[in-house]
Structure formats: structure tokens, C-alpha cells
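Enquirer: My structure file my_file.tsv, TSV, C-alpha atoms, is below:
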```
chain	number	residue	atom	x	y	z
A	30	THR	CA	-192.18	-145.43	86.50
A	31	GLU	CA	-193.16	-146.77	89.91
A	32	GLY	CA	-195.23	-144.59	92.20
A	33	VAL	CA	-197.05	-142.69	89.42
A	34	PRO	CA	-200.79	-143.05	90.18
A	35	ILE	CA	-201.84	-144.01	86.65
A	36	GLN	CA	-199.14	-146.67	86.49
A	37	GLU	CA	-200.35	-148.14	89.77
A	38	ALA	CA	-203.98	-148.11	88.60
A	39	LEU	CA	-203.10	-149.95	85.37
A	40	ARG	CA	-202.52	-153.09	87.43
A	41	ASP	CA	-206.23	-153.28	88.23
A	42	ILE	CA	-207.91	-152.22	84.98
A	43	ARG	CA	-207.95	-153.65	81.46
A	44	VAL	CA	-205.36	-151.36	79.92
A	45	ARG	CA	-202.18	-152.45	78.22
A	46	CYS	CA	-199.23	-150.21	79.00
A	47	LEU	CA	-196.15	-150.05	76.76
A	48	SER	CA	-193.04	-148.44	78.11
A	49	THR	CA	-189.30	-148.63	77.40
A	50	PRO	CA	-186.26	-149.75	79.40
A	51	PHE	CA	-185.15	-146.11	79.28
A	52	ALA	CA	-188.36	-144.49	80.56
A	53	ASN	CA	-186.52	-142.53	83.26
A	54	GLY	CA	-184.49	-139.99	81.34
A	55	GLY	CA	-183.54	-142.21	78.42
A	56	GLY	CA	-184.10	-139.48	75.84
A	57	ARG	CA	-183.03	-140.59	72.38
A	58	SER	CA	-182.40	-144.17	73.53
A	59	SER	CA	-186.00	-144.47	74.72
A	60	THR	CA	-187.34	-143.08	71.46
A	61	LEU	CA	-185.22	-145.32	69.24
A	62	TRP	CA	-186.04	-148.40	71.33
A	63	SER	CA	-189.78	-147.77	71.11
A	64	MET	CA	-189.65	-147.22	67.35
A	65	VAL	CA	-188.01	-150.61	66.90
A	66	ALA	CA	-189.60	-152.74	69.63
A	67	TRP	CA	-193.18	-151.44	69.48
A	68	GLN	CA	-193.43	-152.60	65.85
A	69	ALA	CA	-193.35	-156.17	67.15
A	70	GLN	CA	-195.47	-155.56	70.25
A	71	ILE	CA	-198.42	-153.76	68.63
A	72	ARG	CA	-199.96	-156.30	66.28
A	73	ASP	CA	-203.53	-155.02	66.06
A	74	LYS	CA	-204.16	-151.54	64.75
A	75	VAL	CA	-206.35	-149.22	66.80
A	76	ASP	CA	-209.46	-147.21	65.95
A	77	VAL	CA	-208.43	-144.05	67.82
A	78	LEU	CA	-205.09	-142.61	68.86
A	79	TYR	CA	-205.53	-140.06	71.66
A	80	THR	CA	-202.18	-138.38	72.24
A	81	PHE	CA	-200.67	-135.76	74.49
A	82	ASP	CA	-197.51	-136.13	72.43
A	83	THR	CA	-197.86	-133.75	69.50
A	84	THR	CA	-194.19	-133.78	68.50
A	85	TRP	CA	-192.97	-135.55	65.37
A	86	PHE	CA	-193.17	-138.82	67.35
A	87	ALA	CA	-196.97	-138.75	66.99
A	88	VAL	CA	-196.46	-139.41	63.28
A	89	PHE	CA	-194.78	-142.68	64.19
A	90	LEU	CA	-197.62	-143.54	66.58
A	91	SER	CA	-200.18	-142.87	63.85
A	92	ARG	CA	-198.83	-145.87	61.94
A	93	PHE	CA	-200.72	-148.06	64.40
A	94	VAL	CA	-204.09	-146.46	63.55
A	95	LYS	CA	-206.48	-148.12	61.09
A	96	PRO	CA	-206.90	-146.37	57.72
A	97	ASP	CA	-210.36	-145.17	58.75
A	98	GLY	CA	-209.26	-144.44	62.35
A	99	TYR	CA	-208.88	-141.08	64.07
A	100	VAL	CA	-205.87	-139.28	65.55
A	101	ILE	CA	-206.96	-136.95	68.35
A	102	GLY	CA	-204.45	-134.57	69.92
A	103	THR	CA	-204.84	-132.81	73.25
A	104	HIS	CA	-203.22	-130.26	75.53
A	105	ALA	CA	-203.66	-129.52	79.23
A	106	GLY	CA	-202.43	-126.00	79.76
A	107	PRO	CA	-202.88	-122.32	78.92
A	108	PRO	CA	-205.80	-120.93	76.92
A	109	HIS	CA	-203.50	-119.98	74.07
A	110	LEU	CA	-201.75	-122.18	71.53
A	111	GLU	CA	-198.03	-122.17	72.14
A	112	LYS	CA	-196.34	-121.60	68.80
A	113	GLU	CA	-194.25	-124.76	68.64
A	114	TYR	CA	-196.54	-127.08	70.63
A	115	VAL	CA	-197.86	-129.05	67.65
A	116	HIS	CA	-195.19	-130.13	65.17
A	117	PRO	CA	-196.00	-129.00	61.59
A	118	THR	CA	-195.93	-132.59	60.33
A	119	THR	CA	-198.15	-133.78	63.18
A	120	ARG	CA	-200.77	-131.19	62.22
A	121	GLN	CA	-201.21	-133.09	58.94
A	122	ILE	CA	-202.37	-136.29	60.66
A	123	LEU	CA	-204.73	-134.80	63.27
A	124	ASN	CA	-208.46	-135.41	62.87
A	125	GLY	CA	-209.42	-133.46	65.99
A	126	PHE	CA	-208.00	-131.73	69.03
A	127	LEU	CA	-209.33	-131.60	72.60
A	128	VAL	CA	-208.87	-128.68	75.00
A	129	GLU	CA	-210.10	-128.32	78.58
A	130	SER	CA	-212.67	-125.54	78.31
A	131	ALA	CA	-214.78	-123.59	75.84
A	132	SER	CA	-212.64	-120.48	76.46
A	133	GLN	CA	-209.65	-122.29	74.91
A	134	VAL	CA	-211.37	-123.39	71.71
A	135	GLU	CA	-210.87	-120.23	69.65
A	136	ALA	CA	-207.13	-120.09	70.32
A	137	TYR	CA	-206.65	-123.57	68.84
A	138	ARG	CA	-208.63	-123.00	65.64
A	139	SER	CA	-205.39	-122.25	63.80
A	140	LEU	CA	-204.59	-125.99	63.87
A	141	GLY	CA	-207.10	-126.36	61.05
A	142	VAL	CA	-208.92	-129.34	62.59
A	143	PRO	CA	-212.17	-129.66	64.60
A	144	ILE	CA	-211.66	-128.50	68.21
A	145	GLY	CA	-213.59	-130.03	71.12
A	146	ALA	CA	-213.73	-128.88	74.75
A	147	ILE	CA	-214.00	-131.44	77.55
A	148	PRO	CA	-212.45	-131.01	81.03
A	149	HIS	CA	-210.32	-133.85	82.27
A	150	LEU	CA	-211.91	-136.12	84.85
A	151	ALA	CA	-211.05	-135.34	88.45
A	152	ASN	CA	-210.70	-138.37	90.70
A	153	VAL	CA	-213.62	-137.62	93.03
A	154	CYS	CA	-215.77	-140.74	92.93
A	155	GLY	CA	-217.67	-141.17	96.17
A	156	ALA	CA	-217.27	-137.61	97.44
A	157	PRO	CA	-219.60	-137.39	100.48
A	158	ARG	CA	-222.43	-134.89	100.65
A	159	TRP	CA	-221.31	-131.61	102.16
A	160	ARG	CA	-222.44	-131.01	105.72
A	161	GLN	CA	-222.58	-127.60	107.34
A	162	ARG	CA	-220.65	-127.09	110.55
A	163	LYS	CA	-220.07	-124.31	113.02
A	164	ILE	CA	-216.75	-122.64	112.21
A	165	ASP	CA	-214.51	-121.02	114.76
A	166	THR	CA	-210.99	-121.49	113.40
A	167	LEU	CA	-211.11	-121.12	109.62
A	168	ARG	CA	-209.12	-123.87	107.93
A	169	VAL	CA	-207.51	-122.52	104.74
A	170	ALA	CA	-205.48	-124.68	102.34
A	171	PHE	CA	-203.21	-124.27	99.35
A	172	MET	CA	-203.11	-127.36	97.12
A	173	GLY	CA	-200.71	-127.66	94.21
A	174	ARG	CA	-197.19	-128.15	92.98
A	175	LEU	CA	-194.70	-126.11	95.00
A	176	ASP	CA	-193.51	-123.97	92.13
A	177	ARG	CA	-193.17	-120.18	92.23
A	178	ASN	CA	-195.79	-119.61	89.54
A	179	LYS	CA	-198.39	-121.32	91.76
A	180	GLY	CA	-198.38	-118.25	94.02
A	181	MET	CA	-197.50	-119.75	97.43
A	182	TYR	CA	-195.18	-116.85	98.27
A	183	ARG	CA	-197.88	-114.37	97.31
A	184	LEU	CA	-200.20	-116.12	99.75
A	185	LEU	CA	-197.57	-115.95	102.50
A	186	ASN	CA	-197.16	-112.22	101.86
A	187	VAL	CA	-200.84	-111.43	102.32
A	188	TRP	CA	-201.49	-113.88	105.16
A	189	PRO	CA	-200.29	-111.71	108.13
A	190	SER	CA	-202.56	-108.81	107.10
A	191	LEU	CA	-205.73	-110.88	106.58
A	192	GLN	CA	-208.58	-110.06	108.93
A	193	ILE	CA	-209.81	-113.67	109.19
A	194	GLN	CA	-208.40	-114.88	112.49
A	195	PRO	CA	-208.59	-117.37	114.07
A	196	ALA	CA	-207.38	-119.25	111.00
A	197	THR	CA	-204.80	-121.82	109.93
A	198	LEU	CA	-203.11	-122.33	106.57
A	199	HIS	CA	-202.08	-125.81	105.44
A	200	ILE	CA	-199.93	-126.02	102.30
A	201	TYR	CA	-200.35	-129.35	100.49
A	202	GLY	CA	-197.94	-130.27	97.74
A	203	ASP	CA	-194.31	-130.90	96.98
A	204	GLY	CA	-191.73	-129.49	94.63
A	205	ARG	CA	-188.52	-127.56	94.29
A	206	GLU	CA	-189.72	-124.66	96.44
A	207	ARG	CA	-190.41	-126.71	99.57
A	208	LEU	CA	-187.20	-125.72	101.38
A	209	GLY	CA	-187.62	-122.10	100.33
A	210	LEU	CA	-191.17	-122.07	101.67
A	211	GLU	CA	-190.12	-123.57	104.99
A	212	LYS	CA	-187.47	-120.87	105.33
A	213	GLU	CA	-189.95	-118.12	104.42
A	214	VAL	CA	-192.53	-119.33	106.95
A	215	ARG	CA	-189.90	-119.29	109.70
A	216	SER	CA	-188.54	-115.87	108.71
A	217	LEU	CA	-192.06	-114.37	108.83
A	218	GLY	CA	-192.68	-115.94	112.22
A	219	LEU	CA	-195.72	-117.82	110.96
A	220	ASP	CA	-194.81	-121.29	112.23
A	221	GLU	CA	-197.77	-121.42	114.62
A	222	ASN	CA	-200.58	-121.28	112.07
A	223	ILE	CA	-198.94	-122.25	108.76
A	224	ARG	CA	-197.86	-125.84	108.13
A	225	LEU	CA	-196.35	-127.55	105.08
A	226	MET	CA	-198.14	-130.89	104.77
A	227	GLY	CA	-196.35	-132.46	101.80
A	228	ALA	CA	-197.89	-134.17	98.78
A	229	TRP	CA	-201.19	-136.00	98.97
A	230	THR	CA	-202.60	-139.13	97.37
A	231	THR	CA	-206.02	-139.78	95.88
A	232	GLU	CA	-206.88	-141.85	98.93
A	233	GLU	CA	-206.00	-138.98	101.26
A	234	LEU	CA	-208.01	-136.36	99.35
A	235	PRO	CA	-211.41	-136.93	101.09
A	236	ALA	CA	-209.84	-136.49	104.55
A	237	ILE	CA	-208.04	-133.32	103.44
A	238	MET	CA	-211.20	-131.81	101.97
A	239	ASP	CA	-213.15	-132.73	105.10
A	240	LYS	CA	-210.86	-130.56	107.21
A	241	THR	CA	-210.66	-127.64	104.77
A	242	ASP	CA	-213.04	-124.66	104.70
A	243	LEU	CA	-211.43	-122.65	101.90
A	244	VAL	CA	-208.81	-123.33	99.23
A	245	VAL	CA	-206.66	-120.48	97.88
A	246	LEU	CA	-204.76	-120.84	94.60
A	247	PRO	CA	-203.16	-117.48	93.56
A	248	SER	CA	-201.40	-118.89	90.48
A	249	GLU	CA	-199.60	-116.78	87.90
A	250	TYR	CA	-200.03	-119.41	85.17
A	251	GLU	CA	-202.72	-122.09	84.81
A	252	GLY	CA	-204.85	-123.91	82.31
A	253	PHE	CA	-207.87	-125.52	83.93
A	254	PRO	CA	-206.71	-126.91	87.31
A	255	LEU	CA	-208.21	-130.26	88.30
A	256	VAL	CA	-207.78	-129.39	91.97
A	257	LEU	CA	-210.50	-126.73	91.61
A	258	LEU	CA	-212.90	-129.31	90.17
A	259	GLU	CA	-212.04	-131.52	93.13
A	260	CYS	CA	-212.80	-128.68	95.52
A	261	MET	CA	-216.25	-128.20	94.03
A	262	ALA	CA	-216.98	-131.92	94.08
A	263	PHE	CA	-216.32	-131.96	97.82
A	264	GLY	CA	-218.19	-128.70	98.42
A	265	VAL	CA	-215.09	-126.69	99.32
A	266	PRO	CA	-215.15	-123.04	98.09
A	267	PHE	CA	-212.04	-121.42	96.67
A	268	VAL	CA	-210.35	-118.13	95.88
A	269	THR	CA	-208.13	-118.13	92.83
A	270	SER	CA	-206.47	-115.77	90.38
A	271	ASP	CA	-208.05	-115.01	87.03
A	272	VAL	CA	-205.54	-116.77	84.80
A	273	GLY	CA	-205.87	-119.40	82.11
A	274	ALA	CA	-209.39	-120.76	81.74
A	275	ILE	CA	-210.28	-120.52	85.44
A	276	SER	CA	-212.81	-117.70	85.03
A	277	SER	CA	-215.34	-120.13	83.54
A	278	LEU	CA	-215.63	-121.77	86.97
A	279	ALA	CA	-217.11	-118.56	88.38
A	280	GLU	CA	-219.94	-118.33	85.84
A	281	ASP	CA	-223.25	-118.34	87.78
A	282	ASN	CA	-221.32	-119.65	90.77
A	283	PRO	CA	-221.74	-117.56	93.97
A	284	ASP	CA	-219.58	-119.87	96.08
A	285	VAL	CA	-216.17	-119.16	94.53
A	286	ARG	CA	-214.11	-116.05	93.78
A	287	VAL	CA	-211.90	-115.62	90.70
A	288	VAL	CA	-210.06	-112.31	91.00
A	289	PRO	CA	-207.22	-110.37	89.30
A	290	LEU	CA	-203.68	-111.53	90.02
A	291	GLU	CA	-202.99	-108.78	92.54
A	292	ASN	CA	-202.35	-109.03	96.28
A	293	ARG	CA	-205.04	-106.57	97.30
A	294	ALA	CA	-207.72	-108.33	95.23
A	295	ILE	CA	-206.72	-111.76	96.55
A	296	ALA	CA	-206.67	-110.58	100.18
A	297	SER	CA	-210.06	-108.88	99.80
A	298	ALA	CA	-211.60	-112.01	98.28
A	299	ILE	CA	-210.24	-114.24	101.05
A	300	GLN	CA	-211.66	-111.92	103.71
A	301	GLU	CA	-215.03	-111.73	101.94
A	302	MET	CA	-215.20	-115.51	101.65
A	303	ALA	CA	-214.19	-115.98	105.29
A	304	ILE	CA	-217.14	-113.83	106.39
A	305	GLY	CA	-219.54	-115.65	104.05
A	306	ILE	CA	-218.35	-119.08	105.19
A	307	ARG	CA	-218.72	-118.25	108.87
A	308	ARG	CA	-222.20	-116.82	108.29
A	309	GLY	CA	-223.29	-119.87	106.28
A	310	GLU	CA	-223.82	-117.78	103.14
A	311	ILE	CA	-221.23	-119.77	101.14
A	312	ARG	CA	-222.73	-123.22	100.78
A	313	GLY	CA	-220.93	-126.42	99.87
A	314	ASP	CA	-224.14	-128.24	98.89
A	315	ARG	CA	-224.83	-125.60	96.26
A	316	LEU	CA	-221.23	-125.91	95.05
A	317	GLN	CA	-221.53	-129.69	94.77
A	318	GLU	CA	-224.70	-129.35	92.70
A	319	TYR	CA	-222.92	-126.85	90.41
A	320	HIS	CA	-220.12	-129.38	89.93
A	321	ARG	CA	-222.50	-132.27	89.34
A	322	LYS	CA	-224.38	-130.49	86.57
A	323	ARG	CA	-221.35	-129.12	84.72
A	324	TYR	CA	-218.38	-131.32	85.61
A	325	GLY	CA	-219.82	-134.43	87.25
A	326	GLN	CA	-218.43	-137.88	86.53
A	327	GLU	CA	-221.52	-139.00	84.65
A	328	GLU	CA	-221.66	-135.93	82.41
A	329	LEU	CA	-217.96	-135.83	81.56
A	330	THR	CA	-217.78	-139.59	81.04
A	331	ARG	CA	-220.58	-139.30	78.49
A	332	GLN	CA	-218.61	-136.62	76.63
A	333	TRP	CA	-215.33	-138.55	76.72
A	334	VAL	CA	-216.99	-141.74	75.49
A	335	SER	CA	-218.51	-139.79	72.61
A	336	ALA	CA	-215.20	-138.13	71.64
A	337	LEU	CA	-213.07	-141.28	71.75
A	338	MET	CA	-215.46	-144.20	71.26
A	339	GLU	CA	-217.85	-142.57	68.76
A	340	PRO	CA	-215.44	-140.32	66.85
A	341	GLU	CA	-217.45	-140.09	63.64
A	342	ASN	CA	-220.47	-138.74	65.54
A	343	PHE	CA	-218.41	-136.36	67.69
A	344	TRP	CA	-215.90	-135.07	65.12
A	345	GLY	CA	-217.81	-135.67	61.91
A	346	PRO	CA	-216.65	-137.76	58.94
A	347	LYS	CA	-212.92	-138.14	58.80
A	348	LYS	CA	-211.07	-136.10	56.18
A	349	GLN	CA	-208.53	-138.19	54.36
A	350	VAL	CA	-205.01	-136.82	54.65
A	351	LYS	CA	-201.77	-137.84	53.03
A	352	GLN	CA	-199.63	-139.72	55.51
A	353	PRO	CA	-196.28	-137.90	55.99
A	354	SER	CA	-193.16	-139.86	55.09
A	355	LEU	CA	-191.86	-141.26	58.36
A	356	SER	CA	-188.51	-142.23	56.84
A	357	ARG	CA	-187.94	-138.69	55.58
A	358	LEU	CA	-188.95	-137.25	58.93
A	359	MET	CA	-186.64	-139.66	60.76
A	360	LEU	CA	-183.76	-138.66	58.51
A	361	GLN	CA	-184.42	-135.00	59.32
A	362	ARG	CA	-184.53	-135.69	63.05
A	363	LEU	CA	-181.36	-137.78	62.97
A	364	THR	CA	-179.45	-135.06	61.12
A	365	ARG	CA	-180.77	-132.28	63.39
A	366	GLY	CA	-180.95	-134.24	66.66
A	367	PHE	CA	-184.06	-135.49	68.41
A	368	ASN	CA	-184.56	-132.48	70.69
```
Using C-alpha cells, write down the structure that the file contains.

Expert:
Amino acid sequence: TEGVPIQEALRDIRVRCLSTPFANGGGRSSTLWSMVAWQAQIRDKVDVLYTFDTTWFAVFLSRFVKPDGYVIGTHAGPPHLEKEYVHPTTRQILNGFLVESASQVEAYRSLGVPIGAIPHLANVCGAPRWRQRKIDTLRVAFMGRLDRNKGMYRLLNVWPSLQIQPATLHIYGDGRERLGLEKEVRSLGLDENIRLMGAWTTEELPAIMDKTDLVVLPSEYEGFPLVLLECMAFGVPFVTSDVGAISSLAEDNPDVRVVPLENRAIASAIQEMAIGIRRGEIRGDRLQEYHRKRYGQEELTRQWVSALMEPENFWGPKKQVKQPSLSRLMLQRLTRGFN
């Protein structure tokens, strides 16, 4: 669909993109079309299938993998394996599975295939070196989808009581809660120092980070948020709730705070960080170095190349599995419905 960043980027890089005429909400029509038309469009089989789709449809996609090729599944989300996430038939064709952090590995062992942990690449190429500045008004930001489980309302609740003034809060993002947030800001009388900025693009990210001193993300549900990797790459400290796999970002990292999902703990951490930032004790250069060593573009690229371009070295020799009967599976899906 137009406007999706990856779709726009595909115009400039050597990647072939296959879609369907029913990509926007086509449902069964899109699936049936792809199963017929892609047979003619994909003439050369591939060495590796890397798929976020772990439904029964992945079995169809595996038909385009060479006999000695690898099928690698993945999931960006919580540190536990959701019961129905990987279809039972799809489990039979997987040769490996990638999660976002080491803390998620154990939960996915039940898939019965090798599990690897590599964070997804944040789009932070060319992030400038952090420079210290004298801070009077503290510039706080929330960055994320405007959904209740992201914790924006929790942040609004604690904001009036925070002892960090002078300070401003800019909320970046879009979603179904935008109108509700605008109403809440007005009802709390916080219009003067809280602004809803809307969604941002990759091109706008450096300018946003340059005018942000602290990011707060009090989510109720997360996996391994890319926005926090982006913060570190730009040298911007953050306060976030201890959910999902986020706690690993605080290991040996004095410039961030990962705290329990509780208003008092979040407020205390924000106030502590505000003092440290103003005193120069929280340092963005140290945060950037932490990011470079653990999550830098060069390091993660090396890992991704190994996992997808050198699968035998990364995953070990491929175990031969019996290919599930696609015709039988299709008959089951047609009789039960695709959803």
C-alpha cells in the first residue's frame, strides 16, 4: 500500500515486491489470488524464506524454497509464545526461529527448532554525535502508537505532580486515541505545556531527537521497542515500564530507567532522570557508545547476514522434514474458512 515506508524504500533498492490486487482488506480474495498468480511469477526458487507469517499460508510459501533451503520464522512481540501464533503445520517446516532478545529465547523453545535472538534494525544511520547543552526547560517526549496500552494516559495522570518544571511534553504518534488524548489534555488544563505532534517519518526523526531531552514510554504491553534503540542511537535517555523484553536495555546502562508499571515508580524515575540530566550526570555520549557496542548497525547487520545469508553456519545443518500436504491443508481451510 502507498505511504508505507518499506514500500516506498523498495523503489530505490534491489528488492522485488509481490503483492495482490486485494492488498487492502482483500482477505480470502487476496490469499486465493496469490496462491494462483504467484505460481507463475516466482520462477526461481529461493535459498531462504524469512517469514513473519506463521499461519498455514507459510506452508504454501515454503513451496518456493529449494530442497536444501531454510524456512526461518520470526515474531516481533511479547517475550512469551502466544499459544496459536505458529500454526501446527507450519511448525513442521521451520528450520529456525528468530526473536528480538535473549530474554525471549527460552519461551520459544517449545517450537522444537533452533531459536536465535537478533534485534531488528532501527533506522538510525547517520545519527550525529551527542552534544551536551545547558538545560533550562526540560523537553520530554512520548513516541509511539496512540493506543491505550502504550501508557499515554498514565503519563498524563502523573505529569501535573512531577517536580521537574520548567518542562514540556510532546506526544509523537498517531492512532485511535488521538481525539481522546486531545480531550484529556484540555480537561486537565495542560494545553500550555503538552502538545500532540502527530506521527513522524524517518526523515524527521533526527530533528525530533535533537529537541528531546528525555523519552518516556510507560507501556502496559511491549516486546522490544525499536523506538528505544533509536533513542539510544541519538543519545536520548528514557524512562520506560518493565514489560516485555525491555529490561535487557537497562543492563549495565546508567543512562536509562526501566521501572515497574506503577505510577509512583514512573513518576519517581522521571524526576530522578530530570535531576541527572540537568546536572550532566546522564550522558548521551555514553548512551550512544552503549548502543554502538550492543545494537549498532554494523554489529546487527553482521548477525542478520549470518542468520539469513549463511544459514548452515548460523542454524547448523538442516534437518530434513516431511513437507505437509498443501492440498489437504487447503481442503481443511476451505471447509473451515480461511480465518

Enquirer: Would you kindly return, as JSON, numbers by chain, each protein, DNA or RNA residue with an atom no farther than 8 Å from any atom of stretch 251-267 of chain A, considering only C-alpha atoms and excluding same-chain residues fewer than 3 positions away?

Expert: {"A": [105, 106, 107, 108, 129, 130, 148, 149, 150, 151, 152, 153, 156, 157, 158, 159, 172, 173, 235, 238, 239, 241, 242, 243, 244, 245, 246, 248, 272, 273, 274, 275, 284, 285, 286, 311, 312, 313, 314, 315, 316, 317, 319, 320, 321, 324, 325]}

Enquirer: Just the residues within 7 Å of A:Gly202, please, counting all atoms listed in the file, with nothing from its chain fewer than 3 positions along; format it as an MDAnalysis selection string.

Expert: chainID A and resid 172:175 227:229

Enquirer: Quick one: residues within 12 Å of A:Gln332, all atoms listed in the file counted, chain neighbours fewer than 2 positions away excluded, as a list in words?

Expert: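 Counting only the stated atoms, we get Leu127, Gly145, Ala146, Ile147, Pro148, His149, Leu150, Arg323, Tyr324, Gly325, Gln326, Glu327, Glu328, Leu329, Thr330, Val334, Ser335, Ala336, Leu337, Met338, Glu339, Pro340, Asn342, Phe343 and Trp344 of chain A.
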
Enquirer: With distances taken over all atoms listed in the file, which of A:Ser59, A:Asn222, A:Thr269, A:Thr119 is nearest to A:Met302?

Expert: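 Nearest candidate to A:Met302 out of A:Ser59, A:Asn222, A:Thr269, A:Thr119: A:Thr269.
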
Enquirer: Extract, using only C-alpha atoms, all DNA, RNA and protein residues at most 10 Å from A:Leu47, discarding same-chain residues fewer than 3 positions from it, and format them as a short mmCIF file (atom, residue, chain, number, x, y, z; two decimals) with C-alpha atoms, in the coordinates of the input.

Expert:
```cif
data_model
loop_
_atom_site.label_atom_id
_atom_site.label_comp_id
_atom_site.auth_asym_id
_atom_site.auth_seq_id
_atom_site.Cartn_x
_atom_site.Cartn_y
_atom_site.Cartn_z
CA VAL A 44 -205.36 -151.36 79.92
CA SER A 63 -189.78 -147.77 71.11
CA TRP A 67 -193.18 -151.44 69.48
CA GLN A 70 -195.47 -155.56 70.25
CA ILE A 71 -198.42 -153.76 68.63
#
```

Enquirer: So how far away is atom CA of A:Thr80 from atom CA of A:Thr103, in Å?

Expert: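 Going from atom CA of A:Thr103 over to atom CA of A:Thr80, I get 6.3 Å.
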
Enquirer: Between A:Val214, A:Leu61, A:Val94, A:Ala131, which one has atoms that come closest to A:Ser277, using only C-alpha atoms?

Expert: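 Using only C-alpha atoms, the shortest distance to A:Ser277 belongs to A:Ala131.
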
Enquirer: Enter the distance from atom CA of A:Ile304 to atom CA of A:Tyr201, in Å, rounded to one decimal.

Expert: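 Between atom CA of A:Ile304 and atom CA of A:Tyr201 the gap is 23.6 Å.
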
Enquirer: Quick one: distance from atom CA of A:Ser48 to atom CA of A:Pro96 in Å, one decimal?

Expert: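 Spanning atom CA of A:Ser48 to atom CA of A:Pro96 is a straight-line distance of 24.7 Å.
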
Enquirer: Name the closest residue to A:Leu78 among the candidates A:Val100, A:Cys46, A:Val142, A:Ala303; distances are taken between atoms, counting all atoms listed in the file.

Expert: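 Selected residue with least distance to A:Leu78: A:Val100.
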
Enquirer: Please provide the set of residues having any atom within 10 Å of A:Gln192, restricted to all atoms listed in the file, with same-chain residues fewer than 6 positions apart removed, written as number ranges by chain.

Expert: A: 296-297, 299-301, 303-304
